[in-house]
Amino acid sequence: MTGVARHFELPGNETYQIGFRVAERAGLSRVTCFDESAVGSDAQPMFDYMDMHEPEAKKALEAEFQSIGATMDKEQATLPLAELLRLTNDPARDALNKSMYLRTNAVDAGGGFVGADAAASWWRRNFRMYANIQKVAAPGRRVIALVGQGHTAILKDLLAVDDRRSAEDVRAYLAAGRR
């Protein structure tokens with residue numbers, strides 16, 4: 001993070017706005033990326049199915065997505081970063097995030113299972129991301145995994161049952177920032 005990196009215009013996501021800055025302040029010589037975005041989420045078949053067979057359910061789901069998005073947009077526009085980080089690490093937010101996948105899981109159950117397949121594609125990406133974390137987080141090594149809230153909700157669950165790794169709750173550090 002010298003030379004060119006200091007003159008690089010940081011894009012607006014958490015990797016750049018927080019991750020590289022934390023790494024620089026911690027004196028780290030490198031950052032290891034662990035996302036598996038090439039896998040992605042394969043929800044389009046589910047939405048296509050809902051268009052044809054469950055249009056009211058899709059309309060209600062889209063309204064809920066819009067409401068959640070509007071809340072998040074308002075928070076991002078009005079709250080300081082520490083408060084945003086506290087909110088995005090709140091267990092209630094994690095539960096809401098995961099519940100959205102369960103809400104669509106039964107779409108076309110007993111048929112093509114397009115809802116379950118859409119949810120599984122998101123979890124597949126997160127399992128791959130966690131595999132990358134496991135590779136780096138060997139015994140005796142401390143790592144910080146910085147990722148958006150849609151992933152942390154799942155990655156925290158995986159870490160909680162991983163008997164070879166332990167986690168520190170970031171909220172303790174965020175609360176310390178209030179003083």
# chains A, B, ... in the order shown; residues from 1 in each chain; ligands from 1
call {"tool": "closest_atom_pairs", "arguments": {"of": "segment 40-88 of chain A", "to": "segment 159-178 of chain A", "cutoff": "12 Å", "atoms": "only C-alpha atoms", "output": "tab-separated table"}}
result
residue	atom	partner	partner_atom	distance
A:Pro80	CA	A:Arg178	CA	11.2
A:Leu81	CA	A:Leu174	CA	9.9
A:Ala82	CA	A:Leu174	CA	6.3
A:Glu83	CA	A:Leu174	CA	8.1
A:Leu84	CA	A:Leu174	CA	10.0
A:Leu85	CA	A:Leu174	CA	7.4
A:Arg86	CA	A:Arg171	CA	6.1
A:Leu87	CA	A:Arg171	CA	9.3
A:Thr88	CA	A:Arg171	CA	9.8
call {"tool": "write_last_selection", "arguments": {"atoms": "N, CA and C atoms", "output": "compact mmCIF listing (two decimals), in the first residue's frame"}}
result
# COMPACT_ATOMS: atom_id res chain seq x y z
N PRO A 80 -23.42 8.16 11.07
CA PRO A 80 -21.97 8.05 10.99
C PRO A 80 -21.55 6.59 10.78
N LEU A 81 -20.36 6.39 10.26
CA LEU A 81 -19.87 5.06 9.91
C LEU A 81 -19.93 4.10 11.10
N ALA A 82 -19.51 4.54 12.28
CA ALA A 82 -19.51 3.63 13.44
C ALA A 82 -20.92 3.11 13.73
N GLU A 83 -21.91 3.97 13.60
CA GLU A 83 -23.29 3.54 13.84
C GLU A 83 -23.76 2.60 12.74
N LEU A 84 -23.39 2.87 11.51
CA LEU A 84 -23.75 1.96 10.41
C LEU A 84 -23.14 0.58 10.65
N LEU A 85 -21.89 0.55 11.09
CA LEU A 85 -21.24 -0.73 11.35
C LEU A 85 -21.90 -1.47 12.52
N ARG A 86 -22.31 -0.74 13.53
CA ARG A 86 -23.03 -1.37 14.64
C ARG A 86 -24.34 -1.99 14.14
N LEU A 87 -25.07 -1.25 13.32
CA LEU A 87 -26.33 -1.77 12.79
C LEU A 87 -26.12 -3.00 11.92
N THR A 88 -25.12 -2.96 11.06
CA THR A 88 -24.92 -4.08 10.14
C THR A 88 -24.31 -5.29 10.83
call {"tool": "select_by_dssp", "arguments": {"residues": "segment 3-174 of chain A", "states": "alpha helix (DSSP H)", "output": "PyMOL selection string"}}
result
chain A and resi 14+20-25+44-53+55-78+81-88+91-105+114-136+149-161+170-174
call {"tool": "residues_around", "arguments": {"residues": "Leu158 of chain A", "least_positions_apart": "5", "cutoff": "12 Å", "atoms": "only C-alpha atoms", "output": "MDAnalysis selection string"}}
result
chainID A and resid 123 126:131 133:134 151:153 163:167
call {"tool": "closest_residue", "arguments": {"among": "A:Asp108, A:Glu9, A:Glu64, A:Asp73", "to": "Phe47 of chain A", "atoms": "only C-alpha atoms"}}
result
A:Asp108
call {"tool": "closest_residue", "arguments": {"among": "A:Phe8, A:Lys58, A:Leu28, A:Val136", "to": "Met46 of chain A", "atoms": "only C-alpha atoms"}}
result
A:Lys58
call {"tool": "closest_residue", "arguments": {"among": "A:Met52, A:Leu79, A:Val147, A:Ile154", "to": "Tyr16 of chain A", "atoms": "only C-alpha atoms"}}
result
A:Val147
call {"tool": "residues_around", "arguments": {"residues": "Met100 of chain A", "least_positions_apart": "4", "cutoff": "12 Å", "atoms": "only C-alpha atoms", "output": "list of chain:residue names"}}
result
A:Leu61, A:Glu62, A:Glu64, A:Phe65, A:Ile68, A:Arg93, A:Asp94, A:Ala95, A:Leu96, A:Thr104, A:Asn105, A:Ala106, A:Gly115, A:Ala116, A:Ala118, A:Ala119, A:Trp122, A:Gly150, A:Ala153
call {"tool": "atom_distance", "arguments": {"atom1": "atom CA of Asn97 of chain A", "atom2": "atom CA of Arg142 of chain A"}}
result
26.9 Å
call {"tool": "closest_residue", "arguments": {"among": "A:Asp35, A:Glu75, A:Asp117, A:Asp42", "to": "Thr15 of chain A", "atoms": "only C-alpha atoms"}}
result
A:Asp35
call {"tool": "atom_distance", "arguments": {"atom1": "atom CA of Gly19 of chain A", "atom2": "atom CA of Leu146 of chain A"}}
result
6.4 Å
